[in-house]
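Trainee: To start, I am sharing the structure in question, which I have written as structure tokens.
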Amino acid sequence: MKPSFTLLELVIVIIIIGILASTISVFIPNNNLRLAADNLVKNIRFTESLALKDDKYQPFPEDNNSVEQNRSKYWFKQWWQIRFTQNRNNPKDLWYEIFSDVPFDNSYNFDKVGNYPPKENIWNVGYAKNPLTNKYLTGKCDDVNHNYPPCNKIDHNLNLTQKYGIKEILFNGSKISSSNSKRLIFDNYGNVFLNEGQKGDGGDINPLDKDNRDLLTKNINIKLCLDSSCKYQKNRCLQVNITPTGYVYISQCK
């Protein structure tokens with residue numbers, strides 16, 4: 001007679017398999033969540049690569065006009081950066097963008113998409129583009145006033161709410177909103193900063209002033225949550241981590 005499993009042994013095996021399956025499923029994130037995190041990591045690395053090969057340091061202006069004077073004086077505001085924010089007109093809409101500031105007038109406040117109204121179509125020289133699709137790397141579009149690229153010209157993967165269902169972003173514990181945007185800024189030496197060197201963009205501050213320019217000195221994390229309160233199960237949140245050296249990786253939310 002061939003040996004066979006008893007009914008009790010089969011029941012025990014089924015129970016063990018069920019326990020293992022349920023345990024593993026807790027740690028498998030929602031597919032859209034994983035896609036959002038993977039795409040964010042890719043875009044942070046792309047922003048770093050743009051900065052490393054794009055040295056905008058300009059010690060002397062090339063002309064006497066005010067734009068050139070400020071381009072030279074505030075060269076550090078033109079480094080490549082990735083900004084996380086919320087649609088002011090639609091608070092449920094969370095997105096990010098990759099750009100480099102563009103001086104366009106006689107003010108040193110030439111942040112083209114951060115806090116000041118841009119000139120018409122100024123976006124076409126400030127935003128990064130996806131090298132494969134030629135789409136502008138921003139999650140917001142504007143088919144009416146063109147303060148942002150037209151909707152058929154942007155990479156919609158950068159709109160975390162519409163594309164992946166992300167309902168909350170926590171940047172090092174701080175909730176992203178239209179009034180609380182956060183940035184990662186990269187220079188051509190691989191340094192990571194959290195702002196452009198001004199307090200409120202309102203002063204002439206040395207870009208390496210340690211008291212006013214936040215050089216990244218310890219890991220920060222960006223939590224992507226499928227729940228608006230971020231009271232998550234482990235498969236409802238993923239964490240993208242950035243180290244001071246610029247290394248980026250994904251982990252479970254803590």
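Letters A, B, ... go to the chains of the structure tokens in the order shown; residues in each chain start at 1; ligands are counted from 1 in the same order.
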Set the distance at 7 Å and use only C-alpha atoms: which residues neighbour Tyr127 in chain A once local chain neighbours fewer than 4 positions away are removed? I'd like the list as number ranges by chain.
Mentor: A: 98-100, 123, 136-137
Trainee: Please dump the current selection as a CSV table (one decimal), in the first residue's frame; keep C-alpha atoms.
Mentor:
```csv
chain,number,residue,atom,x,y,z
A,98,ILE,CA,10.5,68.6,-12.1
A,99,PHE,CA,11.9,72.0,-13.2
A,100,SER,CA,14.7,74.5,-13.1
A,123,TRP,CA,6.9,76.7,-18.6
A,136,TYR,CA,6.7,67.8,-19.7
A,137,LEU,CA,7.3,66.4,-16.2
```
Trainee: At what distance in Å, to one decimal, does CA of Leu35 in chain A lie from CA of Cys151 in chain A?
Mentor: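 Distance between the two atoms: 21.3 Å.
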Trainee: Where does DSSP see helix (DSSP H, G or I) in range 113-190 of chain A, if you list the residues as a ChimeraX atom specification?
Mentor: /A:123-126,151-153,156-158,160-164
Trainee: Please identify which residues in range 53-180 of chain A DSSP calls strand (DSSP E or B) from the backbone, and express them as a list in words.
Mentor: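 After running DSSP on the backbone, range 53-180 of chain A has strand (DSSP E or B) at Trp80, Gln81, Ile82, Arg83, Phe84, Thr85, Gln86, Leu94, Trp95, Tyr96, Glu97, Ile98, Phe99, Ser100, Tyr127, Lys129, Tyr136, Thr138, Ile154, Asn159, Glu168, Ile169, Leu170, Phe171, Ser174, Lys175, Ser177 and Asn180 of chain A.
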Trainee: Give me the residues within 6 Å of range 80-83 of chain A as a list of chain:residue names, counting only C-alpha atoms and dropping any in the same chain fewer than 6 places off.
Mentor: A:Ala51, A:Tyr96, A:Glu97, A:Ile98, A:Phe99, A:Ser100, A:Lys182, A:Arg183, A:Leu184, A:Ile185, A:Phe186
Trainee: Keeping only N, CA and C atoms, write those residues as a PDB file, in the first residue's frame.
Mentor:
```pdb
ATOM      1  N   ALA A  51      20.722  67.554 -12.701  1.00  0.00           N
ATOM      2  CA  ALA A  51      21.540  68.501 -11.942  1.00  0.00           C
ATOM      3  C   ALA A  51      23.029  68.209 -12.089  1.00  0.00           C
ATOM      4  N   TYR A  96       3.358  66.305  -8.428  1.00  0.00           N
ATOM      5  CA  TYR A  96       4.707  66.854  -8.320  1.00  0.00           C
ATOM      6  C   TYR A  96       5.227  67.233  -9.694  1.00  0.00           C
ATOM      7  N   GLU A  97       6.334  67.950  -9.724  1.00  0.00           N
ATOM      8  CA  GLU A  97       6.889  68.444 -10.980  1.00  0.00           C
ATOM      9  C   GLU A  97       8.403  68.571 -10.876  1.00  0.00           C
ATOM     10  N   ILE A  98       9.052  68.544 -12.005  1.00  0.00           N
ATOM     11  CA  ILE A  98      10.518  68.644 -12.078  1.00  0.00           C
ATOM     12  C   ILE A  98      10.847  69.853 -12.951  1.00  0.00           C
ATOM     13  N   PHE A  99      11.616  70.791 -12.401  1.00  0.00           N
ATOM     14  CA  PHE A  99      11.894  72.010 -13.151  1.00  0.00           C
ATOM     15  C   PHE A  99      13.178  72.673 -12.669  1.00  0.00           C
ATOM     16  N   SER A 100      13.588  73.644 -13.440  1.00  0.00           N
ATOM     17  CA  SER A 100      14.702  74.509 -13.077  1.00  0.00           C
ATOM     18  C   SER A 100      14.216  75.940 -13.207  1.00  0.00           C
ATOM     19  N   LYS A 182       6.670  71.092  -0.747  1.00  0.00           N
ATOM     20  CA  LYS A 182       8.013  70.705  -0.317  1.00  0.00           C
ATOM     21  C   LYS A 182       8.866  70.390  -1.538  1.00  0.00           C
ATOM     22  N   ARG A 183      10.190  70.628  -1.388  1.00  0.00           N
ATOM     23  CA  ARG A 183      11.084  70.438  -2.518  1.00  0.00           C
ATOM     24  C   ARG A 183      12.325  69.640  -2.134  1.00  0.00           C
ATOM     25  N   LEU A 184      12.871  69.002  -3.136  1.00  0.00           N
ATOM     26  CA  LEU A 184      14.229  68.468  -3.078  1.00  0.00           C
ATOM     27  C   LEU A 184      14.995  69.146  -4.205  1.00  0.00           C
ATOM     28  N   ILE A 185      16.109  69.779  -3.860  1.00  0.00           N
ATOM     29  CA  ILE A 185      16.887  70.541  -4.838  1.00  0.00           C
ATOM     30  C   ILE A 185      18.285  69.932  -4.929  1.00  0.00           C
ATOM     31  N   PHE A 186      18.784  69.764  -6.148  1.00  0.00           N
ATOM     32  CA  PHE A 186      20.060  69.088  -6.362  1.00  0.00           C
ATOM     33  C   PHE A 186      21.021  70.017  -7.102  1.00  0.00           C
TER      34      PHE A 186
END
```
Trainee: Excluding same-chain residues fewer than 6 positions from Ser228 in chain A, what lies within 9 Å of it counting only C-alpha atoms, as a PyMOL selection string?
Mentor: chain A and resi 166-169
Trainee: Kindly export the residues of the current selection with C-alpha atoms, as a PDB file, in the first residue's frame.
Mentor:
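As a result, again_11.pdb now contains:
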```pdb
ATOM      1  CA  ILE A 166      -2.908  58.700  -3.652  1.00  0.00           C
ATOM      2  CA  LYS A 167      -4.905  60.689  -1.079  1.00  0.00           C
ATOM      3  CA  GLU A 168      -2.135  61.978   1.183  1.00  0.00           C
ATOM      4  CA  ILE A 169       1.594  62.687   0.993  1.00  0.00           C
TER       5      ILE A 169
END
```
Trainee: So how far away is CA of Asn195 in chain A from CA of Asn157 in chain A, in Å?
Mentor: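 If I compute the distance from CA of Asn157 in chain A to CA of Asn195 in chain A, I get 24.4 Å.
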Trainee: Pick from A:Asn39, A:Thr243, A:Gln78, A:Asn89: nearest to Gln58 in chain A, with only C-alpha atoms counted?
Mentor: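 The answer is A:Gln78, which sits nearest to Gln58 in chain A.
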Trainee: If we count only C-alpha atoms and set the cut-off at 9 Å, which residues sit around Arg45 in chain A, ignoring sequence neighbours fewer than 6 positions away in its own chain? Please answer as a VMD selection string.
Mentor: chain A and resid 246 to 248
Trainee: How would the residues just picked look written out with N, CA and C atoms as a PDB file, in the first residue's frame?
Mentor:
```pdb
ATOM      1  N   GLY A 246      22.036  61.272  -1.770  1.00  0.00           N
ATOM      2  CA  GLY A 246      21.159  61.223  -2.921  1.00  0.00           C
ATOM      3  C   GLY A 246      20.653  59.835  -3.258  1.00  0.00           C
ATOM      4  N   TYR A 247      20.989  58.847  -2.449  1.00  0.00           N
ATOM      5  CA  TYR A 247      20.503  57.491  -2.692  1.00  0.00           C
ATOM      6  C   TYR A 247      19.006  57.428  -2.377  1.00  0.00           C
ATOM      7  N   VAL A 248      18.243  56.797  -3.262  1.00  0.00           N
ATOM      8  CA  VAL A 248      16.792  56.744  -3.121  1.00  0.00           C
ATOM      9  C   VAL A 248      16.336  55.288  -3.097  1.00  0.00           C
TER      10      VAL A 248
END
```
Trainee: Considering only C-alpha atoms, state which residue in the set A:Leu33, A:Leu216, A:Val102, A:Val144 is at the smallest distance from Gly126 in chain A.
Mentor: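 Ranked by minimum distance to Gly126 in chain A, first place goes to A:Val102.
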Trainee: So what do you get for CA of Leu94 in chain A versus CA of Leu50 in chain A, distance-wise?
Mentor: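 About the pair CA of Leu94 in chain A and CA of Leu50 in chain A: they are 23.6 Å apart.
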Trainee: Find the residue from A:Ser178, A:Thr245, A:Asn172, A:Asn31 that sits nearest to Ile220 in chain A; use only C-alpha atoms when measuring.
Mentor: A:Asn172
